[in-house]
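Since the structure comes first, as structure tokens, the remarks are kept for the end.
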Amino acid sequence: MATTHALAGVVLGTAVWALVPEAGMLPVLAAALGGLFPDFDLYAGHRKTLHFPVYFSALAVPAVAVAALNPTTTTLAVALFLAAAALHSASDVLGGGLELKPWLGTSERAVYDHWNGRWLAPKRLIRYDGAPEDLALTLAFAVPPVLAFDGLAETLVIAAVAVSGVYVLLRKPMVAIAETAVAAIPDHVVDYVPERFVRDLR
Ligand SMILES: [Zn+2]
């Protein structure tokens, strides 16, 4: 889920902060945003429009090299944003597929690989986003920043864990509610709803 990706970025950011604390918290924030960024395509070509497992990685390598040679707040922030976005895009393949009920495991689309022009199949190590094991991963990723930081940063990490817990509880009921809602819409109205929003629900 998005919070797991964000906190994975924060773990990278925390490691860099431990090495270069004088760069401050901006690189850590950039890492969190980079981890979150690909999922901003949720409503428009999810896991394709802003997910670039190959291109983000290709950009992250020189950015990390620049930051390693000249570690400033800016170079570290850019490198961490790209590294976290690459990690997010690449690690989506470890989860479930792109379908309304990913716990059923029927979709063979995990994330789009623009470089090879094809969908990568889900490996389902985390069965679906919002699964209990997804929450376990979120909790594990929260440990380093909670130990390292105080104040606002620590509060934001704990808030992300709390949001994740609520999401995990609601993950399956939300789909049932959406199905009921779509079933209640008259057919002549459904005709005006874009096909991809209805297809999985009917
Ligand atoms: Zn994603």
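For the structure tokens, the naming scheme is as follows: chains receive sequential letters (A, B, ...) according to their order of presentation, residues are indexed from 1 within each chain, and ligands are indexed from 1 in presentation order.
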Neighbouring residues of ligand 1 are defined here as those with any atom at most 8 Å from a ligand atom, counting only C-alpha atoms and all ligand atoms; list them as a PDB file with all heavy atoms, in the first residue's frame.
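Output saved as out39.pdb:
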ATOM      1  N   MET A   1       0.838  -1.200   0.000  1.00  0.00           N
ATOM      2  CA  MET A   1       0.000   0.000   0.000  1.00  0.00           C
ATOM      3  C   MET A   1       0.873   1.250   0.000  1.00  0.00           C
ATOM      4  O   MET A   1       2.079   1.178   0.291  1.00  0.00           O
ATOM      5  CB  MET A   1      -0.977  -0.038   1.183  1.00  0.00           C
ATOM      6  CG  MET A   1      -0.343  -0.275   2.533  1.00  0.00           C
ATOM      7  SD  MET A   1      -1.600  -0.579   3.814  1.00  0.00           S
ATOM      8  CE  MET A   1      -0.628  -1.394   5.058  1.00  0.00           C
ATOM      9  N   ALA A   2       0.287   2.372  -0.290  1.00  0.00           N
ATOM     10  CA  ALA A   2       1.046   3.613  -0.458  1.00  0.00           C
ATOM     11  C   ALA A   2       1.884   3.948   0.774  1.00  0.00           C
ATOM     12  O   ALA A   2       3.037   4.383   0.654  1.00  0.00           O
ATOM     13  CB  ALA A   2       0.085   4.761  -0.782  1.00  0.00           C
ATOM     14  N   HIS A   5       5.064   1.921   0.927  1.00  0.00           N
ATOM     15  CA  HIS A   5       6.064   2.466   0.004  1.00  0.00           C
ATOM     16  C   HIS A   5       6.687   3.744   0.556  1.00  0.00           C
ATOM     17  O   HIS A   5       7.889   3.962   0.437  1.00  0.00           O
ATOM     18  CB  HIS A   5       5.418   2.770  -1.345  1.00  0.00           C
ATOM     19  CG  HIS A   5       5.064   1.554  -2.142  1.00  0.00           C
ATOM     20  ND1 HIS A   5       5.991   0.603  -2.510  1.00  0.00           N
ATOM     21  CD2 HIS A   5       3.888   1.133  -2.667  1.00  0.00           C
ATOM     22  CE1 HIS A   5       5.399  -0.343  -3.228  1.00  0.00           C
ATOM     23  NE2 HIS A   5       4.120  -0.053  -3.334  1.00  0.00           N
ATOM     24  N   PRO A  38       4.675   7.420  -7.149  1.00  0.00           N
ATOM     25  CA  PRO A  38       4.063   6.643  -8.244  1.00  0.00           C
ATOM     26  C   PRO A  38       2.564   6.406  -8.059  1.00  0.00           C
ATOM     27  O   PRO A  38       1.818   6.361  -9.041  1.00  0.00           O
ATOM     28  CB  PRO A  38       4.857   5.337  -8.212  1.00  0.00           C
ATOM     29  CG  PRO A  38       6.193   5.731  -7.661  1.00  0.00           C
ATOM     30  CD  PRO A  38       5.875   6.763  -6.603  1.00  0.00           C
ATOM     31  N   ASP A  39       2.107   6.282  -6.824  1.00  0.00           N
ATOM     32  CA  ASP A  39       0.687   5.963  -6.611  1.00  0.00           C
ATOM     33  C   ASP A  39      -0.240   7.159  -6.843  1.00  0.00           C
ATOM     34  O   ASP A  39      -1.463   7.019  -6.720  1.00  0.00           O
ATOM     35  CB  ASP A  39       0.466   5.356  -5.228  1.00  0.00           C
ATOM     36  CG  ASP A  39       0.742   3.853  -5.219  1.00  0.00           C
ATOM     37  OD1 ASP A  39       0.908   3.279  -6.311  1.00  0.00           O
ATOM     38  OD2 ASP A  39       0.778   3.251  -4.134  1.00  0.00           O
ATOM     39  N   HIS A  46      -3.440   3.410 -13.366  1.00  0.00           N
ATOM     40  CA  HIS A  46      -2.703   2.993 -12.175  1.00  0.00           C
ATOM     41  C   HIS A  46      -1.632   1.954 -12.499  1.00  0.00           C
ATOM     42  O   HIS A  46      -1.864   1.031 -13.252  1.00  0.00           O
ATOM     43  CB  HIS A  46      -3.683   2.441 -11.140  1.00  0.00           C
ATOM     44  CG  HIS A  46      -3.042   2.139  -9.817  1.00  0.00           C
ATOM     45  ND1 HIS A  46      -2.047   2.919  -9.269  1.00  0.00           N
ATOM     46  CD2 HIS A  46      -3.249   1.150  -8.918  1.00  0.00           C
ATOM     47  CE1 HIS A  46      -1.679   2.416  -8.102  1.00  0.00           C
ATOM     48  NE2 HIS A  46      -2.389   1.332  -7.863  1.00  0.00           N
ATOM     49  N   ARG A  47      -0.493   2.147 -11.867  1.00  0.00           N
ATOM     50  CA  ARG A  47       0.694   1.295 -11.998  1.00  0.00           C
ATOM     51  C   ARG A  47       1.248   1.297 -13.423  1.00  0.00           C
ATOM     52  O   ARG A  47       1.953   0.390 -13.841  1.00  0.00           O
ATOM     53  CB  ARG A  47       0.409  -0.144 -11.557  1.00  0.00           C
ATOM     54  CG  ARG A  47       0.018  -0.201 -10.088  1.00  0.00           C
ATOM     55  CD  ARG A  47       0.495  -1.461  -9.446  1.00  0.00           C
ATOM     56  NE  ARG A  47      -0.077  -1.662  -8.126  1.00  0.00           N
ATOM     57  CZ  ARG A  47      -0.497  -2.844  -7.679  1.00  0.00           C
ATOM     58  NH1 ARG A  47      -0.415  -3.911  -8.441  1.00  0.00           N
ATOM     59  NH2 ARG A  47      -0.972  -2.949  -6.464  1.00  0.00           N
ATOM     60  N   HIS A  51       4.420   4.863 -12.801  1.00  0.00           N
ATOM     61  CA  HIS A  51       5.269   3.769 -12.323  1.00  0.00           C
ATOM     62  C   HIS A  51       6.307   3.439 -13.396  1.00  0.00           C
ATOM     63  O   HIS A  51       5.943   3.002 -14.482  1.00  0.00           O
ATOM     64  CB  HIS A  51       4.429   2.531 -12.032  1.00  0.00           C
ATOM     65  CG  HIS A  51       3.635   2.608 -10.763  1.00  0.00           C
ATOM     66  ND1 HIS A  51       2.632   3.514 -10.581  1.00  0.00           N
ATOM     67  CD2 HIS A  51       3.722   1.893  -9.595  1.00  0.00           C
ATOM     68  CE1 HIS A  51       2.119   3.342  -9.354  1.00  0.00           C
ATOM     69  NE2 HIS A  51       2.756   2.376  -8.745  1.00  0.00           N
ATOM     70  N   HIS A  88       9.748   1.832  -5.141  1.00  0.00           N
ATOM     71  CA  HIS A  88       8.292   1.633  -5.175  1.00  0.00           C
ATOM     72  C   HIS A  88       7.883   0.921  -6.468  1.00  0.00           C
ATOM     73  O   HIS A  88       7.198  -0.111  -6.432  1.00  0.00           O
ATOM     74  CB  HIS A  88       7.596   2.988  -5.051  1.00  0.00           C
ATOM     75  CG  HIS A  88       6.099   2.918  -5.217  1.00  0.00           C
ATOM     76  ND1 HIS A  88       5.249   3.772  -4.563  1.00  0.00           N
ATOM     77  CD2 HIS A  88       5.292   2.111  -5.965  1.00  0.00           C
ATOM     78  CE1 HIS A  88       3.998   3.472  -4.887  1.00  0.00           C
ATOM     79  NE2 HIS A  88       4.006   2.485  -5.748  1.00  0.00           N
ATOM     80  N   SER A  89       8.310   1.482  -7.610  1.00  0.00           N
ATOM     81  CA  SER A  89       7.889   0.932  -8.904  1.00  0.00           C
ATOM     82  C   SER A  89       8.338  -0.519  -9.062  1.00  0.00           C
ATOM     83  O   SER A  89       7.586  -1.364  -9.545  1.00  0.00           O
ATOM     84  CB  SER A  89       8.466   1.778 -10.045  1.00  0.00           C
ATOM     85  OG  SER A  89       8.066   3.122  -9.911  1.00  0.00           O
ATOM     86  N   ASP A  92       6.484  -3.074  -6.556  1.00  0.00           N
ATOM     87  CA  ASP A  92       5.071  -3.388  -6.796  1.00  0.00           C
ATOM     88  C   ASP A  92       4.901  -4.778  -7.400  1.00  0.00           C
ATOM     89  O   ASP A  92       3.846  -5.398  -7.277  1.00  0.00           O
ATOM     90  CB  ASP A  92       4.416  -2.347  -7.713  1.00  0.00           C
ATOM     91  CG  ASP A  92       3.711  -1.251  -6.916  1.00  0.00           C
ATOM     92  OD1 ASP A  92       3.561  -1.411  -5.688  1.00  0.00           O
ATOM     93  OD2 ASP A  92       3.312  -0.247  -7.526  1.00  0.00           O
ATOM     94  N   VAL A 111       2.753  -4.349 -12.470  1.00  0.00           N
ATOM     95  CA  VAL A 111       3.249  -3.008 -12.764  1.00  0.00           C
ATOM     96  C   VAL A 111       3.740  -3.001 -14.219  1.00  0.00           C
ATOM     97  O   VAL A 111       4.181  -4.034 -14.723  1.00  0.00           O
ATOM     98  CB  VAL A 111       4.359  -2.580 -11.774  1.00  0.00           C
ATOM     99  CG1 VAL A 111       5.588  -3.458 -11.904  1.00  0.00           C
ATOM    100  CG2 VAL A 111       4.726  -1.103 -11.915  1.00  0.00           C
TER     101      VAL A 111
END
DSSP helix (DSSP H, G or I) selection over segment 27-164 of chain A, as number ranges by chain: A: 27-41, 55-69, 73-94, 102-104, 132-148, 151-164
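Proximity to Gly95 of chain A at 8 Å, evaluated using only C-alpha atoms and with sequence-adjacent residues fewer than 2 positions away removed, yields Ser91, Asp92, Val93, Gly97, Ala110, Pro122, Lys123, Arg124, Leu125, Ile126, Arg127, Tyr128 and Asp129 of chain A.
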Distance query segment 6-12 of chain A at most 8 Å, only C-alpha atoms, self and fewer than 6 positions along chain excluded, as a VMD selection string: chain A and resid 28 to 29 31 to 36 80 to 81 83 to 85 87 138 141 to 142 144 to 145 157
Residues just named, written with N, CA, C and O atoms as an mmCIF file, in the first residue's frame:
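Generated output (out_10.cif):
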data_model
loop_
_atom_site.group_PDB
_atom_site.id
_atom_site.type_symbol
_atom_site.label_atom_id
_atom_site.label_comp_id
_atom_site.auth_asym_id
_atom_site.auth_seq_id
_atom_site.Cartn_x
_atom_site.Cartn_y
_atom_site.Cartn_z
ATOM 1 N N VAL A 28 15.024 13.345 3.908
ATOM 2 C CA VAL A 28 14.127 12.303 4.433
ATOM 3 C C VAL A 28 12.705 12.530 3.908
ATOM 4 O O VAL A 28 12.022 11.595 3.487
ATOM 5 N N LEU A 29 12.293 13.801 3.893
ATOM 6 C CA LEU A 29 10.973 14.138 3.352
ATOM 7 C C LEU A 29 10.889 13.790 1.862
ATOM 8 O O LEU A 29 9.888 13.236 1.386
ATOM 9 N N ALA A 31 12.528 11.494 0.366
ATOM 10 C CA ALA A 31 12.458 10.030 0.264
ATOM 11 C C ALA A 31 11.026 9.546 0.485
ATOM 12 O O ALA A 31 10.537 8.665 -0.233
ATOM 13 N N ALA A 32 10.340 10.142 1.461
ATOM 14 C CA ALA A 32 8.942 9.756 1.725
ATOM 15 C C ALA A 32 8.065 10.094 0.521
ATOM 16 O O ALA A 32 7.235 9.286 0.090
ATOM 17 N N LEU A 33 8.267 11.296 -0.038
ATOM 18 C CA LEU A 33 7.458 11.704 -1.201
ATOM 19 C C LEU A 33 7.772 10.848 -2.419
ATOM 20 O O LEU A 33 6.866 10.497 -3.183
ATOM 21 N N GLY A 34 9.038 10.501 -2.608
ATOM 22 C CA GLY A 34 9.423 9.624 -3.723
ATOM 23 C C GLY A 34 8.769 8.256 -3.584
ATOM 24 O O GLY A 34 8.330 7.665 -4.572
ATOM 25 N N GLY A 35 8.686 7.773 -2.347
ATOM 26 C CA GLY A 35 8.046 6.481 -2.109
ATOM 27 C C GLY A 35 6.556 6.514 -2.386
ATOM 28 O O GLY A 35 5.959 5.536 -2.799
ATOM 29 N N LEU A 36 5.972 7.690 -2.181
ATOM 30 C CA LEU A 36 4.526 7.866 -2.377
ATOM 31 C C LEU A 36 4.189 8.165 -3.841
ATOM 32 O O LEU A 36 3.142 7.759 -4.351
ATOM 33 N N LEU A 80 17.413 10.637 -3.190
ATOM 34 C CA LEU A 80 16.490 9.837 -2.374
ATOM 35 C C LEU A 80 15.094 9.793 -2.981
ATOM 36 O O LEU A 80 14.427 8.752 -2.939
ATOM 37 N N PHE A 81 14.644 10.919 -3.561
ATOM 38 C CA PHE A 81 13.337 10.917 -4.224
ATOM 39 C C PHE A 81 13.322 9.862 -5.329
ATOM 40 O O PHE A 81 12.407 9.031 -5.408
ATOM 41 N N ALA A 83 15.435 7.322 -5.863
ATOM 42 C CA ALA A 83 15.674 5.955 -5.378
ATOM 43 C C ALA A 83 14.396 5.377 -4.763
ATOM 44 O O ALA A 83 14.060 4.209 -5.002
ATOM 45 N N ALA A 84 13.677 6.202 -4.004
ATOM 46 C CA ALA A 84 12.446 5.706 -3.370
ATOM 47 C C ALA A 84 11.360 5.439 -4.412
ATOM 48 O O ALA A 84 10.613 4.467 -4.307
ATOM 49 N N ALA A 85 11.278 6.302 -5.450
ATOM 50 C CA ALA A 85 10.294 6.081 -6.514
ATOM 51 C C ALA A 85 10.642 4.826 -7.315
ATOM 52 O O ALA A 85 9.755 4.063 -7.729
ATOM 53 N N LEU A 87 12.354 2.232 -6.106
ATOM 54 C CA LEU A 87 12.074 1.107 -5.209
ATOM 55 C C LEU A 87 10.581 0.782 -5.210
ATOM 56 O O LEU A 87 10.182 -0.381 -5.280
ATOM 57 N N THR A 138 4.837 -2.501 6.995
ATOM 58 C CA THR A 138 4.729 -1.086 7.382
ATOM 59 C C THR A 138 5.285 -0.873 8.786
ATOM 60 O O THR A 138 6.050 0.061 9.034
ATOM 61 N N PHE A 141 9.052 -1.129 8.794
ATOM 62 C CA PHE A 141 9.680 0.060 8.209
ATOM 63 C C PHE A 141 9.576 1.269 9.138
ATOM 64 O O PHE A 141 10.356 2.213 9.027
ATOM 65 N N ALA A 142 8.598 1.255 10.039
ATOM 66 C CA ALA A 142 8.418 2.400 10.938
ATOM 67 C C ALA A 142 9.450 2.408 12.068
ATOM 68 O O ALA A 142 9.708 3.464 12.659
ATOM 69 N N PRO A 144 12.947 2.007 12.282
ATOM 70 C CA PRO A 144 14.149 2.874 12.235
ATOM 71 C C PRO A 144 13.837 4.375 12.381
ATOM 72 O O PRO A 144 14.475 5.031 13.207
ATOM 73 N N PRO A 145 12.858 4.931 11.631
ATOM 74 C CA PRO A 145 12.607 6.368 11.813
ATOM 75 C C PRO A 145 12.070 6.725 13.200
ATOM 76 O O PRO A 145 12.400 7.791 13.725
ATOM 77 N N VAL A 157 5.306 9.475 11.106
ATOM 78 C CA VAL A 157 5.516 8.038 10.880
ATOM 79 C C VAL A 157 4.443 7.231 11.619
ATOM 80 O O VAL A 157 3.842 6.309 11.057
#
Top pick for closest residue to Pro173 of chain A, considering A:Asp113, A:Gly130, A:Pro62, A:Pro27 and counting only C-alpha atoms: A:Gly130
Env of Met25 of chain A: 10 Å cut, atoms = only C-alpha atoms, seq-sep filter 4 positions within chain, self excluded. Answer as a CSV table (one decimal) with C-alpha atoms, in the first residue's frame.
chain,number,residue,atom,x,y,z
A,13,GLY,CA,16.1,8.5,4.2
A,14,THR,CA,16.8,7.5,7.8
A,17,TRP,CA,20.4,10.9,7.7
A,21,PRO,CA,22.9,14.4,9.6
A,29,LEU,CA,11.0,14.1,3.4
A,30,ALA,CA,12.0,13.8,-0.3
A,31,ALA,CA,12.5,10.0,0.3
A,73,THR,CA,20.8,18.7,1.1
A,77,ALA,CA,17.0,15.0,-1.7
A,149,PHE,CA,13.6,10.9,15.1
A,153,ALA,CA,8.9,13.3,11.9
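A straight line drawn from atom CA of Leu82 of chain A to atom CA of Tyr43 of chain A is 21.9 Å long.
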Filtered DSSP result for chain A, state strand (DSSP E or B), as a list of chain:residue names: A:Val111, A:Tyr112, A:Asp113, A:Arg118, A:Trp119, A:Leu120
Hey, which bits of segment 54-115 of chain A sit within 12 Å of segment 175-187 of chain A, and for each residue what's the closest pair of atoms and how far apart in Å (one decimal), counting only C-alpha atoms, rows by chain and increasing number, as JSON lines?
{"residue": "A:Glu99", "atom": "CA", "partner": "A:Val175", "partner_atom": "CA", "distance": 10.9}
{"residue": "A:Leu100", "atom": "CA", "partner": "A:Val175", "partner_atom": "CA", "distance": 7.2}
{"residue": "A:Lys101", "atom": "CA", "partner": "A:Val175", "partner_atom": "CA", "distance": 7.5}
{"residue": "A:Pro102", "atom": "CA", "partner": "A:Val175", "partner_atom": "CA", "distance": 10.7}
{"residue": "A:Trp103", "atom": "CA", "partner": "A:Val175", "partner_atom": "CA", "distance": 11.5}
Atom pair atom CA of Ala58 of chain A / atom CA of Thr4 of chain A: separation (Å): 22.6 Å
